[in-house]
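Chemist: This is input27.csv (CSV, N, CA and C atoms).
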chain,number,residue,atom,x,y,z
A,1,MET,N,0.8,-1.2,0.0
A,1,MET,CA,0.0,0.0,0.0
A,1,MET,C,0.9,1.2,0.0
A,2,PHE,N,1.9,1.3,0.8
A,2,PHE,CA,2.8,2.5,0.9
A,2,PHE,C,4.0,2.4,0.0
A,3,ASN,N,4.1,1.4,-0.8
A,3,ASN,CA,5.2,1.2,-1.7
A,3,ASN,C,5.3,2.3,-2.8
A,4,ASN,N,4.1,2.9,-3.2
A,4,ASN,CA,4.1,3.9,-4.2
A,4,ASN,C,4.1,5.3,-3.7
A,5,VAL,N,4.1,5.5,-2.4
A,5,VAL,CA,4.1,6.9,-1.9
A,5,VAL,C,5.5,7.4,-2.0
A,6,ASN,N,5.6,8.6,-2.6
A,6,ASN,CA,6.9,9.3,-2.8
A,6,ASN,C,7.9,8.4,-3.5
A,7,ASN,N,7.4,7.6,-4.4
A,7,ASN,CA,8.3,6.8,-5.2
A,7,ASN,C,8.3,7.3,-6.6
A,8,PRO,N,9.4,8.0,-7.0
A,8,PRO,CA,9.5,8.6,-8.4
A,8,PRO,C,9.4,7.5,-9.5
A,9,PHE,N,9.7,6.2,-9.2
A,9,PHE,CA,9.7,5.2,-10.2
A,9,PHE,C,8.4,4.4,-10.2
A,10,ALA,N,7.4,4.8,-9.5
A,10,ALA,CA,6.2,4.1,-9.4
A,10,ALA,C,5.5,3.8,-10.7
A,11,GLN,N,5.5,4.8,-11.6
A,11,GLN,CA,4.8,4.7,-12.9
A,11,GLN,C,5.8,4.2,-14.0
A,12,LYS,N,7.1,4.3,-13.7
A,12,LYS,CA,8.1,3.9,-14.8
A,12,LYS,C,8.6,2.5,-14.5
A,13,SER,N,8.9,1.9,-15.6
A,13,SER,CA,9.6,0.6,-15.4
A,13,SER,C,11.1,0.7,-15.2
A,14,VAL,N,11.6,0.0,-14.3
A,14,VAL,CA,13.0,0.1,-14.0
A,14,VAL,C,13.7,-1.0,-14.7
A,15,SER,N,14.7,-0.7,-15.4
A,15,SER,CA,15.5,-1.7,-16.1
A,15,SER,C,16.8,-1.9,-15.3
A,16,SER,N,17.3,-3.1,-15.4
A,16,SER,CA,18.6,-3.4,-14.6
A,16,SER,C,19.7,-2.8,-15.4
A,17,SER,N,20.8,-2.7,-14.7
A,17,SER,CA,22.0,-2.0,-15.3
A,17,SER,C,22.6,-3.0,-16.4
A,18,THR,N,22.5,-4.3,-16.2
A,18,THR,CA,23.0,-5.2,-17.2
A,18,THR,C,22.3,-5.2,-18.5
A,19,SER,N,21.0,-4.9,-18.4
A,19,SER,CA,20.2,-4.9,-19.7
A,19,SER,C,20.4,-3.6,-20.4
A,20,SER,N,20.8,-2.6,-19.7
A,20,SER,CA,21.1,-1.3,-20.4
A,20,SER,C,22.4,-1.3,-21.1
A,21,ASP,N,23.3,-2.2,-20.6
A,21,ASP,CA,24.6,-2.4,-21.2
A,21,ASP,C,24.5,-3.1,-22.5
A,22,SER,N,25.4,-2.7,-23.4
A,22,SER,CA,25.4,-3.3,-24.8
A,22,SER,C,25.7,-4.8,-24.7
A,23,ASN,N,26.5,-5.2,-23.8
A,23,ASN,CA,26.9,-6.6,-23.7
A,23,ASN,C,26.1,-7.3,-22.6
A,24,GLY,N,25.0,-6.8,-22.2
A,24,GLY,CA,24.2,-7.4,-21.2
A,24,GLY,C,23.7,-8.8,-21.4
A,25,LYS,N,23.3,-9.0,-22.6
A,25,LYS,CA,22.8,-10.4,-23.0
A,25,LYS,C,23.9,-11.4,-22.8
A,26,HIS,N,25.1,-11.1,-23.2
A,26,HIS,CA,26.2,-12.0,-23.1
A,26,HIS,C,26.5,-12.3,-21.6
A,27,GLN,N,26.5,-11.3,-20.8
A,27,GLN,CA,26.7,-11.5,-19.4
A,27,GLN,C,25.7,-12.4,-18.7
A,28,LYS,N,24.5,-12.3,-19.1
A,28,LYS,CA,23.4,-13.1,-18.5
A,28,LYS,C,23.4,-14.5,-19.0
A,29,GLU,N,23.8,-14.7,-20.2
A,29,GLU,CA,23.7,-16.1,-20.8
A,29,GLU,C,24.9,-16.9,-20.4
A,30,GLU,N,26.1,-16.3,-20.2
A,30,GLU,CA,27.3,-17.0,-19.9
A,30,GLU,C,27.2,-17.9,-18.7
A,31,PRO,N,26.7,-17.4,-17.5
A,31,PRO,CA,26.6,-18.3,-16.4
A,31,PRO,C,25.7,-19.5,-16.6
A,32,LYS,N,24.7,-19.3,-17.4
A,32,LYS,CA,23.8,-20.4,-17.7
A,32,LYS,C,24.5,-21.5,-18.5
A,33,LYS,N,25.3,-21.0,-19.5
A,33,LYS,CA,26.1,-21.9,-20.3
A,33,LYS,C,27.1,-22.7,-19.5
A,34,GLU,N,27.8,-21.9,-18.6
A,34,GLU,CA,28.8,-22.5,-17.7
A,34,GLU,C,28.2,-23.5,-16.8
A,35,LEU,N,27.0,-23.2,-16.2
A,35,LEU,CA,26.3,-24.1,-15.3
A,35,LEU,C,25.9,-25.4,-16.1
A,36,LYS,N,25.4,-25.2,-17.3
A,36,LYS,CA,25.0,-26.4,-18.1
A,36,LYS,C,26.3,-27.2,-18.4
A,37,LYS,N,27.4,-26.6,-18.7
A,37,LYS,CA,28.6,-27.3,-18.9
A,37,LYS,C,29.0,-28.2,-17.8
A,38,TYR,N,28.9,-27.7,-16.5
A,38,TYR,CA,29.2,-28.5,-15.3
A,38,TYR,C,28.2,-29.6,-15.1
A,39,ILE,N,26.9,-29.3,-15.4
A,39,ILE,CA,25.9,-30.3,-15.2
A,39,ILE,C,26.1,-31.5,-16.2
A,40,ASP,N,26.4,-31.1,-17.5
A,40,ASP,CA,26.6,-32.2,-18.5
A,40,ASP,C,27.9,-32.9,-18.4
A,41,GLU,N,28.9,-32.4,-17.8
A,41,GLU,CA,30.2,-33.0,-17.6
A,41,GLU,C,30.0,-34.2,-16.7
A,42,GLU,N,30.5,-35.4,-17.1
A,42,GLU,CA,30.5,-36.6,-16.3
A,42,GLU,C,31.7,-36.7,-15.5
A,43,GLU,N,31.6,-37.0,-14.2
A,43,GLU,CA,32.7,-37.3,-13.4
A,43,GLU,C,32.6,-38.6,-12.8
A,44,PRO,N,33.7,-39.3,-12.4
A,44,PRO,CA,33.6,-40.6,-11.8
A,44,PRO,C,32.9,-40.5,-10.4
A,45,ASP,N,32.2,-41.5,-10.0
A,45,ASP,CA,31.5,-41.5,-8.8
A,45,ASP,C,32.4,-41.7,-7.6
A,46,GLU,N,33.5,-42.4,-7.9
A,46,GLU,CA,34.4,-42.8,-6.8
A,46,GLU,C,35.5,-41.7,-6.7
A,47,VAL,N,35.8,-41.3,-5.5
A,47,VAL,CA,36.8,-40.3,-5.3
A,47,VAL,C,37.8,-40.9,-4.4
A,48,LYS,N,39.1,-40.8,-4.8
A,48,LYS,CA,40.2,-41.3,-4.0
A,48,LYS,C,40.8,-40.2,-3.2
A,49,ILE,N,40.8,-40.3,-1.9
A,49,ILE,CA,41.4,-39.2,-1.1
A,49,ILE,C,42.8,-39.6,-0.7
A,50,GLY,N,43.7,-38.7,-0.9
A,50,GLY,CA,45.0,-38.8,-0.4
A,50,GLY,C,46.0,-39.6,-1.3
A,51,GLY,N,45.4,-40.2,-2.4
A,51,GLY,CA,46.3,-40.9,-3.3
A,51,GLY,C,47.0,-42.0,-2.8
A,52,ARG,N,46.4,-42.8,-1.9
A,52,ARG,CA,47.1,-44.0,-1.3
A,52,ARG,C,47.2,-45.1,-2.4
A,53,PRO,N,48.3,-45.8,-2.3
A,53,PRO,CA,48.5,-46.9,-3.3
A,53,PRO,C,47.6,-48.1,-3.0
A,54,ILE,N,47.2,-48.7,-4.1
A,54,ILE,CA,46.4,-49.9,-3.9
A,54,ILE,C,47.3,-51.1,-3.5
A,55,LEU,N,46.8,-51.9,-2.6
A,55,LEU,CA,47.6,-53.0,-2.0
A,55,LEU,C,47.6,-54.2,-2.9
A,56,THR,N,48.8,-54.9,-3.0
A,56,THR,CA,48.9,-56.1,-3.7
A,56,THR,C,48.5,-57.3,-2.8
A,57,GLU,N,48.4,-58.5,-3.4
A,57,GLU,CA,48.1,-59.7,-2.6
A,57,GLU,C,49.1,-60.0,-1.6
A,58,ASP,N,50.4,-59.9,-2.0
A,58,ASP,CA,51.5,-60.1,-1.0
A,58,ASP,C,51.4,-59.2,0.2
A,59,GLU,N,51.2,-57.9,-0.1
A,59,GLU,CA,51.1,-56.9,1.0
A,59,GLU,C,49.9,-57.2,1.9
A,60,VAL,N,48.7,-57.6,1.3
A,60,VAL,CA,47.6,-57.9,2.1
A,60,VAL,C,47.8,-59.1,2.9
A,61,SER,N,48.4,-60.1,2.4
A,61,SER,CA,48.7,-61.3,3.1
A,61,SER,C,49.6,-61.1,4.3
A,62,ALA,N,50.6,-60.3,4.1
A,62,ALA,CA,51.5,-59.9,5.2
A,62,ALA,C,50.8,-59.1,6.3
A,63,MET,N,50.0,-58.2,5.8
A,63,MET,CA,49.2,-57.3,6.7
A,63,MET,C,48.2,-58.1,7.6
A,64,VAL,N,47.6,-59.1,7.0
A,64,VAL,CA,46.6,-60.0,7.7
A,64,VAL,C,47.4,-60.7,8.8
A,65,LYS,N,48.5,-61.3,8.4
A,65,LYS,CA,49.3,-62.1,9.5
A,65,LYS,C,49.7,-61.2,10.6
A,66,SER,N,50.1,-60.0,10.2
A,66,SER,CA,50.6,-59.0,11.3
A,66,SER,C,49.4,-58.6,12.1
A,67,TYR,N,48.2,-58.3,11.5
A,67,TYR,CA,47.0,-57.9,12.2
A,67,TYR,C,46.6,-59.0,13.2
A,68,ILE,N,46.5,-60.2,12.7
A,68,ILE,CA,46.1,-61.3,13.6
A,68,ILE,C,47.1,-61.5,14.7
A,69,ALA,N,48.4,-61.4,14.4
A,69,ALA,CA,49.4,-61.6,15.5
A,69,ALA,C,49.2,-60.5,16.5
A,70,LYS,N,48.9,-59.3,16.1
A,70,LYS,CA,48.7,-58.2,17.1
A,70,LYS,C,47.5,-58.5,18.0
A,71,LEU,N,46.4,-59.0,17.3
A,71,LEU,CA,45.2,-59.3,18.1
A,71,LEU,C,45.5,-60.5,19.1
A,72,LYS,N,46.2,-61.4,18.6
A,72,LYS,CA,46.6,-62.6,19.5
A,72,LYS,C,47.4,-62.1,20.7
A,73,SER,N,48.3,-61.2,20.5
A,73,SER,CA,49.1,-60.7,21.6
A,73,SER,C,48.3,-59.9,22.6
A,74,GLU,N,47.4,-59.1,22.0
A,74,GLU,CA,46.5,-58.3,22.9
A,74,GLU,C,45.6,-59.2,23.7
A,75,ASN,N,45.2,-60.3,23.2
A,75,ASN,CA,44.2,-61.2,23.9
A,75,ASN,C,44.9,-62.5,24.3
A,76,SER,N,46.1,-62.5,24.6
A,76,SER,CA,46.8,-63.7,25.0
A,76,SER,C,46.3,-64.4,26.2
A,77,ASP,N,45.6,-63.7,27.1
A,77,ASP,CA,45.1,-64.2,28.3
A,77,ASP,C,43.8,-65.0,28.1
A,78,ASN,N,43.2,-64.9,26.9
A,78,ASN,CA,41.9,-65.6,26.6
A,78,ASN,C,42.2,-66.6,25.5
A,79,GLU,N,42.2,-67.9,25.9
A,79,GLU,CA,42.5,-69.0,24.9
A,79,GLU,C,41.5,-69.1,23.8
A,80,LYS,N,40.2,-68.9,24.2
A,80,LYS,CA,39.1,-69.0,23.2
A,80,LYS,C,39.3,-68.0,22.0
A,81,ILE,N,39.7,-66.8,22.4
A,81,ILE,CA,39.9,-65.8,21.3
A,81,ILE,C,41.1,-66.1,20.5
A,82,VAL,N,42.2,-66.6,21.1
A,82,VAL,CA,43.4,-67.0,20.4
A,82,VAL,C,43.1,-68.1,19.4
A,83,LYS,N,42.3,-69.1,19.9
A,83,LYS,CA,41.9,-70.2,19.0
A,83,LYS,C,41.0,-69.8,17.8
A,84,ASN,N,40.1,-68.9,18.1
A,84,ASN,CA,39.3,-68.3,17.0
A,84,ASN,C,40.1,-67.6,16.0
A,85,LEU,N,41.1,-66.8,16.4
A,85,LEU,CA,42.0,-66.1,15.5
A,85,LEU,C,42.9,-67.0,14.7
A,86,ASP,N,43.3,-68.1,15.3
A,86,ASP,CA,44.1,-69.1,14.6
A,86,ASP,C,43.2,-69.8,13.5
A,87,LYS,N,42.0,-70.1,13.9
A,87,LYS,CA,41.1,-70.7,12.9
A,87,LYS,C,40.8,-69.7,11.7
A,88,TYR,N,40.7,-68.5,12.0
A,88,TYR,CA,40.5,-67.4,11.0
A,88,TYR,C,41.6,-67.4,10.1
A,89,LEU,N,42.8,-67.4,10.6
A,89,LEU,CA,44.1,-67.4,9.8
A,89,LEU,C,44.2,-68.6,9.0
A,90,GLU,N,43.8,-69.8,9.5
A,90,GLU,CA,43.9,-71.0,8.7
A,90,GLU,C,43.0,-71.0,7.5
A,91,ARG,N,41.8,-70.5,7.7
A,91,ARG,CA,40.7,-70.4,6.7
A,91,ARG,C,40.8,-69.2,5.8
A,92,PHE,N,41.7,-68.3,6.1
A,92,PHE,CA,41.9,-67.1,5.3
A,92,PHE,C,42.3,-67.4,3.8
A,93,ASP,N,41.5,-67.0,2.8
A,93,ASP,CA,41.9,-67.2,1.4
A,93,ASP,C,42.1,-65.8,0.8
A,94,ILE,N,43.4,-65.6,0.4
A,94,ILE,CA,43.7,-64.3,-0.1
A,94,ILE,C,43.0,-63.9,-1.4
A,95,LYS,N,42.8,-64.9,-2.3
A,95,LYS,CA,42.2,-64.7,-3.6
A,95,LYS,C,40.7,-64.3,-3.3
A,96,LYS,N,40.0,-65.0,-2.5
A,96,LYS,CA,38.6,-64.6,-2.2
A,96,LYS,C,38.5,-63.2,-1.5
A,97,PHE,N,39.5,-63.0,-0.6
A,97,PHE,CA,39.5,-61.7,0.1
A,97,PHE,C,39.7,-60.5,-0.9
A,98,MET,N,40.7,-60.7,-1.8
A,98,MET,CA,41.0,-59.6,-2.8
A,98,MET,C,39.8,-59.5,-3.8
A,99,LYS,N,39.2,-60.6,-4.1
A,99,LYS,CA,38.0,-60.5,-5.0
A,99,LYS,C,36.8,-59.7,-4.4
A,100,LYS,N,36.7,-60.0,-3.1
A,100,LYS,CA,35.6,-59.4,-2.3
A,100,LYS,C,35.9,-57.9,-2.1
A,101,ASN,N,37.1,-57.5,-2.0
A,101,ASN,CA,37.5,-56.1,-1.6
A,101,ASN,C,38.6,-55.7,-2.7
A,102,PRO,N,38.1,-55.3,-3.9
A,102,PRO,CA,39.1,-54.9,-4.9
A,102,PRO,C,39.6,-53.4,-4.6
A,103,ASN,N,40.7,-53.1,-5.2
A,103,ASN,CA,41.3,-51.8,-5.1
A,103,ASN,C,41.4,-51.2,-3.7
A,104,MET,N,41.9,-52.1,-2.8
A,104,MET,CA,41.9,-51.7,-1.4
A,104,MET,C,43.2,-51.0,-1.0
A,105,THR,N,43.1,-49.9,-0.3
A,105,THR,CA,44.2,-49.2,0.2
A,105,THR,C,44.4,-49.6,1.7
A,106,SER,N,45.5,-49.1,2.3
A,106,SER,CA,45.7,-49.5,3.7
A,106,SER,C,44.6,-49.1,4.7
A,107,PRO,N,44.1,-47.9,4.6
A,107,PRO,CA,43.0,-47.6,5.5
A,107,PRO,C,41.7,-48.5,5.3
A,108,ASP,N,41.5,-48.8,4.0
A,108,ASP,CA,40.4,-49.8,3.7
A,108,ASP,C,40.6,-51.1,4.3
A,109,PHE,N,41.9,-51.6,4.3
A,109,PHE,CA,42.2,-52.9,4.8
A,109,PHE,C,41.9,-52.9,6.3
A,110,TYR,N,42.4,-51.9,7.0
A,110,TYR,CA,42.1,-51.9,8.5
A,110,TYR,C,40.7,-51.9,8.8
A,111,MET,N,39.9,-51.2,8.0
A,111,MET,CA,38.4,-51.1,8.3
A,111,MET,C,37.8,-52.5,8.0
A,112,VAL,N,38.2,-53.1,7.0
A,112,VAL,CA,37.6,-54.5,6.6
A,112,VAL,C,38.1,-55.5,7.7
A,113,MET,N,39.3,-55.4,8.1
A,113,MET,CA,39.8,-56.4,9.0
A,113,MET,C,39.1,-56.2,10.4
A,114,TYR,N,38.9,-55.0,10.8
A,114,TYR,CA,38.2,-54.7,12.0
A,114,TYR,C,36.8,-55.3,12.0
A,115,ASN,N,36.1,-55.1,10.9
A,115,ASN,CA,34.8,-55.6,10.7
A,115,ASN,C,34.7,-57.2,10.7
A,116,GLU,N,35.8,-57.8,10.1
A,116,GLU,CA,35.8,-59.2,10.1
A,116,GLU,C,36.2,-59.9,11.4
A,117,THR,N,37.1,-59.3,12.1
A,117,THR,CA,37.6,-59.9,13.4
A,117,THR,C,36.8,-59.4,14.6
A,118,GLU,N,36.0,-58.4,14.5
A,118,GLU,CA,35.3,-57.9,15.7
A,118,GLU,C,34.5,-59.0,16.4
A,119,GLY,N,33.8,-59.8,15.6
A,119,GLY,CA,33.0,-60.9,16.2
A,119,GLY,C,33.9,-62.0,16.9
A,120,LEU,N,35.1,-62.2,16.4
A,120,LEU,CA,36.0,-63.2,17.0
A,120,LEU,C,36.5,-62.8,18.3
A,121,ILE,N,36.6,-61.5,18.6
A,121,ILE,CA,37.2,-61.1,19.8
A,121,ILE,C,36.2,-61.0,20.9
A,122,LYS,N,35.0,-60.7,20.6
A,122,LYS,CA,33.9,-60.5,21.6
A,122,LYS,C,33.3,-61.8,22.0
Could you show the structure in this file as structure tokens?
Modeler:
Amino acid sequence: MFNNVNNPFAQKSVSSSTSSDSNGKHQKEEPKKELKKYIDEEEPDEVKIGGRPILTEDEVSAMVKSYIAKLKSENSDNEKIVKNLDKYLERFDIKKFMKKNPNMTSPDFYMVMYNETEGLIK
């Protein structure tokens, strides 16, 4: 109601400064083209952080033995846990493990091993 009181532009249409510019159309269209370019551009879904190297079978095998040995030493007072860890190590198949967890880095390895051995310790 009071928007038009003492407003010198009430009856006039106000044009933006970019439209009065001779290059105004180019300035308005360029962000849309740029946005469309980013939307149309395909990027891989997987992002690798830190650039850690992918582990080989030999490295994973050595890390599993080391991980199980550390768990056995931490739980040396409980024979049941030590036996469970020995059974896990006997049944461990590196080919199956690598097929189940491809392109694994060292942080991935520790996460997977924690999830697999958590039930054996408790």
Chemist: For the atom pair atom CA of A:Leu71 and atom CA of A:Lys83, what is the interatomic distance in Å to one decimal place?
Modeler: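 Computing it gives 11.4 Å between the two atoms.
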Chemist: Counting all atoms listed in the file, what is within 8 Å of A:Ile54, bar same-chain residues fewer than 5 positions away, as number ranges by chain?
Modeler: A: 102-106
Chemist: Export N, CA and C atoms of the chosen residues as a short mmCIF file (atom, residue, chain, number, x, y, z; two decimals), keeping the file's coordinate frame?
Modeler:
data_model
loop_
_atom_site.label_atom_id
_atom_site.label_comp_id
_atom_site.auth_asym_id
_atom_site.auth_seq_id
_atom_site.Cartn_x
_atom_site.Cartn_y
_atom_site.Cartn_z
N PRO A 102 38.10 -55.30 -3.90
CA PRO A 102 39.10 -54.90 -4.90
C PRO A 102 39.60 -53.40 -4.60
N ASN A 103 40.70 -53.10 -5.20
CA ASN A 103 41.30 -51.80 -5.10
C ASN A 103 41.40 -51.20 -3.70
N MET A 104 41.90 -52.10 -2.80
CA MET A 104 41.90 -51.70 -1.40
C MET A 104 43.20 -51.00 -1.00
N THR A 105 43.10 -49.90 -0.30
CA THR A 105 44.20 -49.20 0.20
C THR A 105 44.40 -49.60 1.70
N SER A 106 45.50 -49.10 2.30
CA SER A 106 45.70 -49.50 3.70
C SER A 106 44.60 -49.10 4.70
#
Chemist: Have a look at atom N of A:Lys80 and atom N of A:Met98 and let me know their distance in Å, one decimal.
Modeler: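 We find that atom N of A:Lys80 and atom N of A:Met98 lie 27.3 Å from each other.
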Chemist: One number please: atom C of A:Gly51 to atom CA of A:Lys70, in Å, one decimal.
Modeler: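 Value for the atom C of A:Gly51-atom CA of A:Lys70 distance: 25.7 Å.
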Chemist: A:Leu85, A:Phe97, A:Thr56, A:Glu118: which is nearest A:Ala69, counting only C-alpha atoms?
Modeler: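 Checking each candidate against A:Ala69, we get A:Leu85 as the closest.
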Chemist: Nearest to A:Pro107: which of A:Lys122, A:Arg52, A:Lys87, A:Lys65 is it, counting only C-alpha atoms?
Modeler: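 Closest to A:Pro107, using only C-alpha atoms: A:Arg52.
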Chemist: Which polymer residues, whether protein, DNA or RNA, lie within 9 Å of the coordinate (42.5, -59.6, 17.4) when you count only C-alpha atoms? List them as a list of chain:residue names, using the chain letters and numbers from the file.
Modeler: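 Residues lying no farther than 9 Å from the given point: A:Tyr67, A:Ile68, A:Ala69, A:Lys70, A:Leu71, A:Lys72, A:Ser73, A:Glu74, A:Asn75, A:Ile81, A:Val82, A:Leu85, A:Tyr114, A:Thr117, A:Glu118, A:Leu120, A:Ile121.
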